Amino acid sequence: MKWTGLNEIREKYLAFFESKDHLRLPSFSLVPNNDKSLLLINSGMAPMKKFFTGEVTPPRNRVCTCQKCIRTPDLERVGHTARHGTFFEMLGNFSFGDYFKEQAIPWAWEFLTETMEIPAELLWPSIYEEDDEAFFIWRDTIGVPEEHIVRLGKADNFWEHGTGPCGPCSEIYFDRGIKYGCGKPDCKPGCDCDRYMEIWNNVFSQFNNMGDGTYEELTQKNIDTGMGLERLACVMQGVDNMFEVDTIRRIIDKVCAISQKTYGADKNDDISIRVITDHTRSAMFMIADGVIPSNEGRGYVLRRIIRRACRHGKLLGINCAFLVDMVTVAIGESCEAYPELSARADYIKKVLSMEEERFDATIDAGLSILSDLIRGAVEKNADTISGEEVFKLYDTFGFPIDLTREIAEEASLRIDEETFTALMKDQKKRAREARANISGWSESSSSLLSDLPATEFTGYTEYRSPAKILAIIAEDALVESVSEGDCTVILDRTSFYGEGGGQIGDTGTIYADGNLLNVYDTKKKDGVYLHLCTVVNGEFRVGDAVVSDIDDMHRKAIMRNHSACHLLQAALRTVLGDHVEQAGSFVSNEVCRFDFTHFAALTAPELAKVESLVNLHILAANEIVTRETDIETARAEGAMALFGEKYGSVVRMVKMGDFSTELCGGTHCASTGNIGLFKIVSESSVAAGIRRIEAVTGTGVLRLIEDKDALIAETARELKASNAADLPKRAAQLQNELRAEKHEIDALNAKLASAQTSDIMAGAQDIAGMCLVTHKTEGMSMDAVRAMVDDLRSAHDTLVAVISVNDSGKLNFVAACGKAAVAHGAHAGNLVREIAKIAQGGGGGRPDFATAGAKNADRIDEALAAAPALLAGMAK
């Protein structure tokens, strides 16, 4: 058995199973695809569940992978032991109804004993106690001595998760040696000691758990193999734990180089070193797969991981940004197997840098407050920190609850989780109430829809459609007829688009025989379209035949903005990178608003590129093709899907040339040329890692031009420019005039200050060998006063000057001290801060010069009068 690097082990494994006719698949993203049961992929088989269930046809019946995995249930334990980690790689070979035990077991043995050359006598297979089939293969086919095959019970060697496919397991253990054992004569796999380490697990999916205690044999039997890459590396490198494996050890060495610490020298330092090492790897892979730090879901997991690494950096004495240096090493160790790390290296570093900077801005204040809370609890002999205080720390200062909990535990304290949770629930309830009814549809009316069929939507192809009234709701009750006021009308079919997918609802009219309803909005709930109406004239009854007639100008404006939204997303991904994903949108007749994942504000050149690219594809007048298909076909054709959105068996694909293909249920133009023009109005931040662009199209661009023309004309009038073309020349002229006037004012101020210098010195006081002068000015600028005190200080080495400046309604104090005065103990910063407090202000600065602002001009004299006593208190 020879030493083998982690990267080489991975390649050996995948190549071995390729030689057994397996299709090598790249690792799936850590972000689950259409699987809301998981926040993050946590095992090798997790992204292939639908292959096992038959919902999706696998690309081949035999596949092998090395899957990136994240597990965080024991996040707080990471670092405290060398066993726990959040990131790991899982090697796996899978059979979907192809081979079974008689091939899976020999291949596992062949790889370990022949490819990896692990001595057979150090390997111990375990089997489910009732699985004689596996036993005979191990004993008779492989030749493993019977005493080396361990039968274990259902808890250890039978995989099942509720009802559905399940089956026995056969694991392979590596004997690490007597020194790791418990010393018992019957020590073998299944013992609680550390001697035998599981390195391979074959799951034989052969039964169906019926849920009543019985099992049926599956027609299609599957193989699910899992082997931790880091564990096998420990075996091949002869090290005790994953942190000693070559690729991970080099990351540890980088932590030590930055912190000037030695791994293994101090228990507490080792904890922090392991935390930073593991969390750097996790954060790197999560960011590369599109996860952005946030306060919810997988984004919160990432934020916790990054902030925990930052905090442990501070515990090691690292007082500067360091995660970018860490991740540079981590990328270098893994980029050959995961080329996306190199492709997105700059992006990964930028996200880490920004999150580290954001955390640094709050961590020191939060740690200080938490330290006070811990000190207070200890002094009171309490074992719990108040839930109200913990909530305040979270809500007001943004200090993460998990970090509070962890630091409290280090001080042998707990937090009042019950009160904290209750306060969090109250806050969320208030937020929900604040958002209530913004849709304009009363939730109390929802129950009235339960017996109504789904509405047939005709609006993709028709602007007006014949229909029948199925129900009328007025004042939250079903009524038979309506002749005045507001109401909600439900039709059997409609051309009105119901608000959804970020697109607002249609407006228009519903009419019949001279009776008229004005439809001012359309909503959609559980497939039923709700027409929010006002009766214009006549009476409408349930069962009436009517016509739904949308406002086509309103709809066309919406379509222009919606189609532009698709082009905008494609342009953003082209200019910024494929990490850009939709985080929300709002499409109306007036605006196209698009929220997307990105780590920084777009620069002016980037915005110009995006805008130009969208307009280029508008001018190309490409046909916009919509087609219904299944989700897998759509994905195969490169269709972008909204993350987390639940799609049915049939999806609607919207394609705009070769530039944009998305799944979308909204309404769109027939050609990109119908959009007219596209103009970005603003770019801003919505939340951490989420940017927003607002833009206009078509007639919206014309209105924007008209507004800007009006603004330019008004500006020209105010500046007395003869026309818009003369504005730059007139602006430059005014700038020159203002500069000349300022120069003149500065010269007058200087003369005024010079004239006042003799008056100021006439009132000088001797305070402990220092020359103190105080003076109140009116109308002098701060620049003039600064020049004056500089002159005074240059002429008088022992001078301490305190001057009030009341200019244009702004009150300030200026303090200056000569070199000799500073040597005598004078400190301008401390002096001016105390003086400003008297006039309801504050400030400070250097020992030789400082300024402070204040609010109460009525107390200027009182403040200046305090200077002698304050200065005397400073004298050495």
# chains A, B, ... in the order shown; residues from 1 in each chain; ligands from 1
call {"tool": "residues_around", "arguments": {"residues": "segment 30-46 of chain A", "least_positions_apart": "3", "cutoff": "8 Å", "atoms": "only C-alpha atoms", "output": "MDAnalysis selection string"}}
result
chainID A and resid 49 65:71 90:92 224 226 285:286 289:291 297:298 643:646
call {"tool": "residues_around", "arguments": {"residues": "Met210 of chain A", "least_positions_apart": "2", "cutoff": "10 Å", "atoms": "only C-alpha atoms", "output": "list in words"}}
result
Gly162, Thr163, Gly164, Pro165, Phe207, Asn208, Asp212, Gly213, Thr214, Tyr215 and Glu216 of chain A
call {"tool": "select_by_dssp", "arguments": {"residues": "segment 168-204 of chain A", "states": "strand (DSSP E)", "output": "list in words"}}
result
Pro168, Cys169, Ser170, Glu171, Ile172, Tyr173, Phe174, Asp175, Tyr196, Met197, Glu198, Ile199, Trp200, Asn201, Asn202, Val203 and Phe204 of chain A
call {"tool": "write_last_selection", "arguments": {"atoms": "all heavy atoms", "output": "compact mmCIF listing (two decimals), in the first residue's frame"}}
result
# COMPACT_ATOMS: atom_id res chain seq x y z
N PRO A 168 -30.67 -4.01 2.30
CA PRO A 168 -29.51 -4.24 3.17
C PRO A 168 -28.26 -3.55 2.64
O PRO A 168 -28.20 -3.16 1.47
CB PRO A 168 -29.35 -5.76 3.13
CG PRO A 168 -29.91 -6.16 1.80
CD PRO A 168 -31.04 -5.20 1.54
N CYS A 169 -27.27 -3.41 3.52
CA CYS A 169 -26.00 -2.80 3.14
C CYS A 169 -24.88 -3.79 3.40
O CYS A 169 -24.98 -4.67 4.26
CB CYS A 169 -25.69 -1.55 3.96
SG CYS A 169 -27.05 -0.40 4.14
N SER A 170 -23.79 -3.60 2.69
CA SER A 170 -22.56 -4.30 2.99
C SER A 170 -21.45 -3.27 3.03
O SER A 170 -21.16 -2.62 2.01
CB SER A 170 -22.25 -5.37 1.95
OG SER A 170 -21.05 -6.03 2.28
N GLU A 171 -20.86 -3.10 4.21
CA GLU A 171 -19.80 -2.10 4.39
C GLU A 171 -18.44 -2.77 4.43
O GLU A 171 -18.33 -3.96 4.76
CB GLU A 171 -20.04 -1.31 5.68
CG GLU A 171 -21.36 -0.56 5.67
CD GLU A 171 -21.70 0.09 7.00
OE1 GLU A 171 -21.33 -0.46 8.05
OE2 GLU A 171 -22.34 1.15 6.99
N ILE A 172 -17.42 -1.99 4.09
CA ILE A 172 -16.05 -2.49 4.19
C ILE A 172 -15.30 -1.60 5.16
O ILE A 172 -15.28 -0.37 5.01
CB ILE A 172 -15.34 -2.50 2.82
CG1 ILE A 172 -16.13 -3.33 1.81
CG2 ILE A 172 -13.92 -3.04 2.97
CD1 ILE A 172 -15.58 -3.29 0.40
N TYR A 173 -14.70 -2.24 6.19
CA TYR A 173 -13.98 -1.52 7.23
C TYR A 173 -12.48 -1.72 7.07
O TYR A 173 -12.03 -2.80 6.65
CB TYR A 173 -14.38 -2.01 8.62
CG TYR A 173 -15.78 -1.62 9.05
CD1 TYR A 173 -16.89 -2.33 8.60
CD2 TYR A 173 -15.99 -0.54 9.90
CE1 TYR A 173 -18.17 -1.99 8.98
CE2 TYR A 173 -17.27 -0.19 10.31
CZ TYR A 173 -18.35 -0.91 9.85
OH TYR A 173 -19.62 -0.55 10.23
N PHE A 174 -11.71 -0.69 7.43
CA PHE A 174 -10.25 -0.78 7.41
C PHE A 174 -9.76 -0.88 8.85
O PHE A 174 -10.16 -0.10 9.72
CB PHE A 174 -9.65 0.45 6.73
CG PHE A 174 -8.15 0.51 6.77
CD1 PHE A 174 -7.39 -0.29 5.93
CD2 PHE A 174 -7.49 1.34 7.67
CE1 PHE A 174 -5.99 -0.25 5.96
CE2 PHE A 174 -6.11 1.39 7.72
CZ PHE A 174 -5.35 0.59 6.86
N ASP A 175 -8.89 -1.85 9.10
CA ASP A 175 -8.33 -2.06 10.43
C ASP A 175 -7.14 -1.12 10.62
O ASP A 175 -6.09 -1.31 10.00
CB ASP A 175 -7.90 -3.52 10.58
CG ASP A 175 -7.37 -3.83 11.98
OD1 ASP A 175 -7.27 -2.88 12.81
OD2 ASP A 175 -7.06 -5.00 12.25
N TYR A 196 -11.65 0.26 13.85
CA TYR A 196 -12.17 -0.10 12.53
C TYR A 196 -12.92 1.09 11.93
O TYR A 196 -13.89 1.58 12.49
CB TYR A 196 -13.09 -1.31 12.64
CG TYR A 196 -12.35 -2.55 13.12
CD1 TYR A 196 -12.35 -2.89 14.47
CD2 TYR A 196 -11.63 -3.34 12.23
CE1 TYR A 196 -11.67 -4.00 14.93
CE2 TYR A 196 -10.93 -4.46 12.68
CZ TYR A 196 -10.95 -4.77 14.03
OH TYR A 196 -10.26 -5.88 14.48
N MET A 197 -12.45 1.54 10.76
CA MET A 197 -13.03 2.72 10.10
C MET A 197 -13.74 2.27 8.82
O MET A 197 -13.13 1.64 7.95
CB MET A 197 -11.94 3.74 9.77
CG MET A 197 -12.46 4.98 9.07
SD MET A 197 -11.21 6.29 8.95
CE MET A 197 -10.07 5.57 7.77
N GLU A 198 -15.02 2.60 8.72
CA GLU A 198 -15.79 2.26 7.51
C GLU A 198 -15.30 3.12 6.35
O GLU A 198 -15.21 4.34 6.45
CB GLU A 198 -17.27 2.53 7.74
CG GLU A 198 -18.12 2.30 6.51
CD GLU A 198 -19.32 3.25 6.42
OE1 GLU A 198 -19.86 3.64 7.47
OE2 GLU A 198 -19.68 3.62 5.29
N ILE A 199 -14.97 2.48 5.23
CA ILE A 199 -14.51 3.24 4.06
C ILE A 199 -15.39 3.02 2.83
O ILE A 199 -15.31 3.78 1.87
CB ILE A 199 -13.04 2.94 3.71
CG1 ILE A 199 -12.83 1.44 3.46
CG2 ILE A 199 -12.11 3.47 4.79
CD1 ILE A 199 -11.44 1.09 2.94
N TRP A 200 -16.24 2.00 2.83
CA TRP A 200 -17.06 1.71 1.65
C TRP A 200 -18.41 1.21 2.12
O TRP A 200 -18.50 0.41 3.05
CB TRP A 200 -16.37 0.61 0.80
CG TRP A 200 -16.92 0.45 -0.59
CD1 TRP A 200 -18.20 0.11 -0.94
CD2 TRP A 200 -16.20 0.59 -1.82
NE1 TRP A 200 -18.33 0.04 -2.31
CE2 TRP A 200 -17.11 0.32 -2.88
CE3 TRP A 200 -14.88 0.90 -2.13
CZ2 TRP A 200 -16.73 0.36 -4.22
CZ3 TRP A 200 -14.50 0.94 -3.46
CH2 TRP A 200 -15.41 0.67 -4.50
N ASN A 201 -19.47 1.67 1.46
CA ASN A 201 -20.81 1.19 1.80
C ASN A 201 -21.59 0.90 0.52
O ASN A 201 -21.85 1.81 -0.26
CB ASN A 201 -21.56 2.22 2.65
CG ASN A 201 -22.91 1.71 3.13
OD1 ASN A 201 -23.18 0.51 3.06
ND2 ASN A 201 -23.75 2.59 3.60
N ASN A 202 -21.92 -0.37 0.34
CA ASN A 202 -22.77 -0.79 -0.77
C ASN A 202 -24.19 -0.93 -0.26
O ASN A 202 -24.45 -1.75 0.64
CB ASN A 202 -22.31 -2.16 -1.31
CG ASN A 202 -21.36 -2.03 -2.47
OD1 ASN A 202 -21.58 -1.25 -3.38
ND2 ASN A 202 -20.29 -2.82 -2.44
N VAL A 203 -25.12 -0.13 -0.80
CA VAL A 203 -26.53 -0.27 -0.45
C VAL A 203 -27.21 -1.05 -1.57
O VAL A 203 -27.17 -0.64 -2.73
CB VAL A 203 -27.21 1.11 -0.26
CG1 VAL A 203 -28.70 0.93 0.05
CG2 VAL A 203 -26.53 1.89 0.85
N PHE A 204 -27.85 -2.16 -1.17
CA PHE A 204 -28.54 -3.01 -2.14
C PHE A 204 -30.04 -2.70 -2.07
O PHE A 204 -30.75 -3.21 -1.20
CB PHE A 204 -28.30 -4.49 -1.83
CG PHE A 204 -26.84 -4.84 -1.68
CD1 PHE A 204 -26.37 -5.44 -0.52
CD2 PHE A 204 -25.94 -4.56 -2.70
CE1 PHE A 204 -25.02 -5.77 -0.38
CE2 PHE A 204 -24.59 -4.89 -2.57
CZ PHE A 204 -24.13 -5.49 -1.40
call {"tool": "closest_residue", "arguments": {"among": "A:Glu133, A:Asp521, A:Glu117, A:Glu388", "to": "Phe100 of chain A", "atoms": "only C-alpha atoms"}}
result
A:Glu133
call {"tool": "residues_around", "arguments": {"residues": "Ser205 of chain A", "least_positions_apart": "2", "cutoff": "6 Å", "atoms": "only C-alpha atoms", "output": "VMD selection string"}}
result
chain A and resid 166 to 167 221 to 222
call {"tool": "write_last_selection", "arguments": {"atoms": "all heavy atoms", "output": "PDB file, in the first residue's frame"}}
result
ATOM      1  N   CYS A 166     -35.809   0.277  -0.339  1.00  0.00           N
ATOM      2  CA  CYS A 166     -34.879   0.113   0.782  1.00  0.00           C
ATOM      3  C   CYS A 166     -34.117  -1.181   0.572  1.00  0.00           C
ATOM      4  O   CYS A 166     -34.363  -1.916  -0.397  1.00  0.00           O
ATOM      5  CB  CYS A 166     -35.641   0.086   2.111  1.00  0.00           C
ATOM      6  SG  CYS A 166     -36.862  -1.255   2.208  1.00  0.00           S
ATOM      7  N   GLY A 167     -33.201  -1.469   1.491  1.00  0.00           N
ATOM      8  CA  GLY A 167     -32.471  -2.722   1.347  1.00  0.00           C
ATOM      9  C   GLY A 167     -31.284  -2.832   2.279  1.00  0.00           C
ATOM     10  O   GLY A 167     -30.908  -1.872   2.957  1.00  0.00           O
ATOM     11  N   LYS A 221     -33.810  -3.772  -9.268  1.00  0.00           N
ATOM     12  CA  LYS A 221     -32.910  -3.644  -8.124  1.00  0.00           C
ATOM     13  C   LYS A 221     -31.779  -2.676  -8.469  1.00  0.00           C
ATOM     14  O   LYS A 221     -31.276  -2.670  -9.593  1.00  0.00           O
ATOM     15  CB  LYS A 221     -32.357  -5.007  -7.725  1.00  0.00           C
ATOM     16  CG  LYS A 221     -33.442  -5.982  -7.242  1.00  0.00           C
ATOM     17  CD  LYS A 221     -32.851  -7.324  -6.903  1.00  0.00           C
ATOM     18  CE  LYS A 221     -33.888  -8.245  -6.287  1.00  0.00           C
ATOM     19  NZ  LYS A 221     -34.992  -8.567  -7.211  1.00  0.00           N
ATOM     20  N   ASN A 222     -31.366  -1.886  -7.480  1.00  0.00           N
ATOM     21  CA  ASN A 222     -30.385  -0.830  -7.713  1.00  0.00           C
ATOM     22  C   ASN A 222     -29.183  -0.964  -6.778  1.00  0.00           C
ATOM     23  O   ASN A 222     -29.296  -1.547  -5.697  1.00  0.00           O
ATOM     24  CB  ASN A 222     -31.017   0.548  -7.492  1.00  0.00           C
ATOM     25  CG  ASN A 222     -32.252   0.764  -8.346  1.00  0.00           C
ATOM     26  OD1 ASN A 222     -32.237   0.494  -9.540  1.00  0.00           O
ATOM     27  ND2 ASN A 222     -33.334   1.226  -7.729  1.00  0.00           N
TER      28      ASN A 222
END
call {"tool": "closest_residue", "arguments": {"among": "A:Gly79, A:Gly676, A:Pro185, A:Gly779", "to": "Met242 of chain A", "atoms": "only C-alpha atoms"}}
result
A:Gly79
call {"tool": "residues_around", "arguments": {"residues": "Arg555 of chain A", "least_positions_apart": "4", "cutoff": "9 Å", "atoms": "only C-alpha atoms", "output": "list in words"}}
result
Tyr463, Tyr497, Gly505, Asp506, Thr507, Ile550, Asp551, Met559, Arg560, Ser588, Asn589 and Thr667 of chain A
call {"tool": "write_last_selection", "arguments": {"atoms": "all heavy atoms", "output": "CSV table (one decimal), in the first residue's frame"}}
result
chain,number,residue,atom,x,y,z
A,463,TYR,N,-57.4,38.5,-27.5
A,463,TYR,CA,-57.5,39.7,-26.7
A,463,TYR,C,-59.0,39.8,-26.1
A,463,TYR,O,-59.2,40.5,-25.2
A,463,TYR,CB,-57.2,40.9,-27.5
A,463,TYR,CG,-55.7,41.1,-27.5
A,463,TYR,CD1,-54.8,40.2,-27.1
A,463,TYR,CD2,-55.2,42.3,-28.1
A,463,TYR,CE1,-53.4,40.4,-27.2
A,463,TYR,CE2,-53.8,42.5,-28.2
A,463,TYR,CZ,-52.9,41.6,-27.8
A,463,TYR,OH,-51.6,41.8,-27.8
A,497,TYR,N,-55.0,38.1,-18.3
A,497,TYR,CA,-53.9,37.5,-17.6
A,497,TYR,C,-54.0,37.8,-16.1
A,497,TYR,O,-54.1,38.9,-15.7
A,497,TYR,CB,-52.5,37.9,-18.2
A,497,TYR,CG,-51.3,37.3,-17.5
A,497,TYR,CD1,-50.9,36.0,-18.0
A,497,TYR,CD2,-50.7,37.8,-16.5
A,497,TYR,CE1,-49.8,35.4,-17.4
A,497,TYR,CE2,-49.6,37.2,-15.9
A,497,TYR,CZ,-49.1,36.0,-16.3
A,497,TYR,OH,-48.1,35.4,-15.8
A,505,GLY,N,-51.5,41.9,-13.5
A,505,GLY,CA,-52.7,41.4,-14.2
A,505,GLY,C,-53.2,42.4,-15.2
A,505,GLY,O,-52.9,43.6,-15.2
A,506,ASP,N,-54.0,41.9,-16.2
A,506,ASP,CA,-54.6,42.7,-17.2
A,506,ASP,C,-55.7,43.6,-16.7
A,506,ASP,O,-56.3,43.3,-15.7
A,506,ASP,CB,-55.1,41.8,-18.3
A,506,ASP,CG,-54.0,41.3,-19.3
A,506,ASP,OD1,-53.0,42.1,-19.5
A,506,ASP,OD2,-54.2,40.2,-19.8
A,507,THR,N,-56.0,44.7,-17.5
A,507,THR,CA,-57.1,45.5,-17.2
A,507,THR,C,-58.0,45.5,-18.5
A,507,THR,O,-57.5,45.0,-19.5
A,507,THR,CB,-56.7,47.0,-16.9
A,507,THR,OG1,-56.0,47.5,-18.0
A,507,THR,CG2,-55.8,47.0,-15.7
A,550,ILE,N,-59.7,42.7,-23.1
A,550,ILE,CA,-58.6,43.3,-22.4
A,550,ILE,C,-58.2,44.7,-23.0
A,550,ILE,O,-58.5,44.9,-24.2
A,550,ILE,CB,-57.3,42.4,-22.3
A,550,ILE,CG1,-56.8,42.2,-23.7
A,550,ILE,CG2,-57.6,41.1,-21.6
A,550,ILE,CD1,-55.4,41.5,-23.7
A,551,ASP,N,-57.6,45.5,-22.3
A,551,ASP,CA,-57.1,46.8,-22.8
A,551,ASP,C,-55.8,46.4,-23.5
A,551,ASP,O,-54.7,46.1,-22.9
A,551,ASP,CB,-56.8,47.7,-21.6
A,551,ASP,CG,-56.2,49.0,-22.1
A,551,ASP,OD1,-55.6,49.1,-23.2
A,551,ASP,OD2,-56.2,50.0,-21.3
A,559,MET,N,-46.2,43.3,-22.4
A,559,MET,CA,-45.5,42.4,-23.1
A,559,MET,C,-44.1,42.9,-23.5
A,559,MET,O,-43.1,42.1,-23.5
A,559,MET,CB,-46.3,41.9,-24.4
A,559,MET,CG,-47.5,41.2,-24.0
A,559,MET,SD,-48.3,40.3,-25.4
A,559,MET,CE,-48.6,41.6,-26.6
A,560,ARG,N,-44.0,44.1,-23.9
A,560,ARG,CA,-42.7,44.7,-24.3
A,560,ARG,C,-41.8,44.7,-23.1
A,560,ARG,O,-40.6,44.3,-23.3
A,560,ARG,CB,-42.9,46.2,-24.7
A,560,ARG,CG,-43.5,46.3,-26.1
A,560,ARG,CD,-43.4,47.7,-26.6
A,560,ARG,NE,-44.2,48.7,-25.9
A,560,ARG,CZ,-45.4,49.1,-26.2
A,560,ARG,NH1,-46.0,48.5,-27.3
A,560,ARG,NH2,-46.1,50.0,-25.5
A,588,SER,N,-44.7,45.5,-15.4
A,588,SER,CA,-45.9,46.3,-15.6
A,588,SER,C,-46.0,46.9,-17.0
A,588,SER,O,-45.1,46.7,-17.8
A,588,SER,CB,-46.1,47.3,-14.5
A,588,SER,OG,-45.2,48.4,-14.7
A,589,ASN,N,-47.0,47.7,-17.2
A,589,ASN,CA,-47.1,48.5,-18.4
A,589,ASN,C,-46.1,49.7,-18.4
A,589,ASN,O,-45.8,50.2,-19.5
A,589,ASN,CB,-48.5,49.0,-18.7
A,589,ASN,CG,-49.0,49.9,-17.5
A,589,ASN,OD1,-48.8,49.5,-16.4
A,589,ASN,ND2,-49.6,51.0,-17.8
A,667,THR,N,-47.0,36.6,-20.8
A,667,THR,CA,-47.3,37.0,-22.2
A,667,THR,C,-46.1,37.8,-22.8
A,667,THR,O,-45.5,38.6,-22.1
A,667,THR,CB,-48.6,37.9,-22.2
A,667,THR,OG1,-48.4,39.0,-21.5
A,667,THR,CG2,-49.8,37.1,-21.7
call {"tool": "atom_distance", "arguments": {"atom1": "atom CA of Ala608 of chain A", "atom2": "atom CA of Val696 of chain A"}}
result
14.7 Å
call {"tool": "residues_around", "arguments": {"residues": "Phe322 of chain A", "least_positions_apart": "2", "cutoff": "10 Å", "atoms": "only C-alpha atoms", "output": "short mmCIF file (atom, residue, chain, number, x, y, z; two decimals) with all heavy atoms, in the first residue's frame"}}
result
data_model
loop_
_atom_site.label_atom_id
_atom_site.label_comp_id
_atom_site.auth_asym_id
_atom_site.auth_seq_id
_atom_site.Cartn_x
_atom_site.Cartn_y
_atom_site.Cartn_z
N VAL A 255 -3.36 28.84 6.95
CA VAL A 255 -3.90 29.48 8.16
C VAL A 255 -2.77 29.78 9.13
O VAL A 255 -2.67 30.88 9.70
CB VAL A 255 -4.96 28.59 8.86
CG1 VAL A 255 -5.56 29.33 10.05
CG2 VAL A 255 -6.04 28.16 7.91
N ILE A 258 -0.56 32.72 8.03
CA ILE A 258 -1.20 34.03 8.22
C ILE A 258 -1.26 34.41 9.69
O ILE A 258 -1.01 35.55 10.07
CB ILE A 258 -2.62 34.03 7.60
CG1 ILE A 258 -2.55 33.88 6.08
CG2 ILE A 258 -3.37 35.32 7.95
CD1 ILE A 258 -3.90 33.67 5.42
N SER A 259 -1.58 33.42 10.55
CA SER A 259 -1.79 33.70 11.98
C SER A 259 -0.52 33.61 12.81
O SER A 259 -0.52 33.96 13.98
CB SER A 259 -2.84 32.74 12.54
OG SER A 259 -2.37 31.39 12.46
N ALA A 309 -15.89 31.46 10.31
CA ALA A 309 -14.47 31.48 9.95
C ALA A 309 -13.84 32.82 10.31
O ALA A 309 -12.73 32.87 10.84
CB ALA A 309 -14.32 31.21 8.45
N CYS A 310 -14.55 33.93 10.03
CA CYS A 310 -14.04 35.26 10.37
C CYS A 310 -13.78 35.39 11.87
O CYS A 310 -12.76 35.92 12.30
CB CYS A 310 -15.03 36.34 9.95
SG CYS A 310 -15.18 36.56 8.17
N GLY A 313 -10.82 33.58 12.96
CA GLY A 313 -9.62 34.31 12.55
C GLY A 313 -9.23 35.33 13.62
O GLY A 313 -8.06 35.48 13.96
N ILE A 318 -5.80 37.26 13.96
CA ILE A 318 -5.74 37.80 12.59
C ILE A 318 -6.64 39.03 12.53
O ILE A 318 -7.87 38.90 12.62
CB ILE A 318 -6.19 36.75 11.55
CG1 ILE A 318 -5.34 35.48 11.66
CG2 ILE A 318 -6.10 37.33 10.15
CD1 ILE A 318 -5.83 34.34 10.79
N ASN A 319 -6.06 40.19 12.41
CA ASN A 319 -6.84 41.43 12.46
C ASN A 319 -6.94 42.11 11.10
O ASN A 319 -7.08 43.33 11.02
CB ASN A 319 -6.24 42.38 13.51
CG ASN A 319 -6.38 41.84 14.91
OD1 ASN A 319 -7.46 41.37 15.28
ND2 ASN A 319 -5.31 41.87 15.68
N CYS A 320 -6.81 41.32 10.06
CA CYS A 320 -6.96 41.87 8.71
C CYS A 320 -7.78 40.87 7.88
O CYS A 320 -8.01 39.74 8.31
CB CYS A 320 -5.59 42.09 8.06
SG CYS A 320 -4.61 40.57 7.95
N VAL A 324 -9.65 35.72 1.41
CA VAL A 324 -9.26 35.65 -0.01
C VAL A 324 -7.94 34.90 -0.15
O VAL A 324 -7.77 34.07 -1.06
CB VAL A 324 -9.16 37.07 -0.62
CG1 VAL A 324 -8.49 37.02 -1.98
CG2 VAL A 324 -10.55 37.69 -0.75
N ASP A 325 -7.01 35.15 0.76
CA ASP A 325 -5.73 34.42 0.73
C ASP A 325 -5.97 32.93 0.97
O ASP A 325 -5.34 32.07 0.34
CB ASP A 325 -4.78 34.96 1.80
CG ASP A 325 -4.27 36.36 1.47
OD1 ASP A 325 -4.30 36.72 0.28
OD2 ASP A 325 -3.85 37.08 2.39
N MET A 326 -6.90 32.63 1.90
CA MET A 326 -7.21 31.23 2.19
C MET A 326 -7.81 30.53 0.97
O MET A 326 -7.40 29.42 0.60
CB MET A 326 -8.20 31.15 3.36
CG MET A 326 -7.64 31.56 4.71
SD MET A 326 -6.22 30.57 5.20
CE MET A 326 -6.86 28.93 4.95
N VAL A 327 -8.80 31.17 0.36
CA VAL A 327 -9.51 30.51 -0.73
C VAL A 327 -8.64 30.37 -1.97
O VAL A 327 -8.85 29.47 -2.79
CB VAL A 327 -10.83 31.24 -1.03
CG1 VAL A 327 -10.64 32.41 -1.98
CG2 VAL A 327 -11.86 30.26 -1.61
N LEU A 352 -16.51 36.55 -0.98
CA LEU A 352 -15.90 36.35 0.34
C LEU A 352 -15.39 37.67 0.92
O LEU A 352 -15.59 37.96 2.10
CB LEU A 352 -14.74 35.37 0.23
CG LEU A 352 -15.10 33.88 0.24
CD1 LEU A 352 -13.85 33.05 -0.02
CD2 LEU A 352 -15.71 33.48 1.57
N SER A 353 -14.74 38.46 0.08
CA SER A 353 -14.19 39.74 0.54
C SER A 353 -15.29 40.66 1.04
O SER A 353 -15.16 41.28 2.10
CB SER A 353 -13.41 40.39 -0.61
OG SER A 353 -12.95 41.66 -0.24
N GLU A 356 -16.77 39.31 4.34
CA GLU A 356 -15.82 39.50 5.43
C GLU A 356 -15.80 40.96 5.87
O GLU A 356 -15.80 41.27 7.06
CB GLU A 356 -14.43 39.05 4.99
CG GLU A 356 -13.40 39.05 6.10
CD GLU A 356 -12.07 38.44 5.67
OE1 GLU A 356 -11.83 38.28 4.45
OE2 GLU A 356 -11.26 38.14 6.56
#
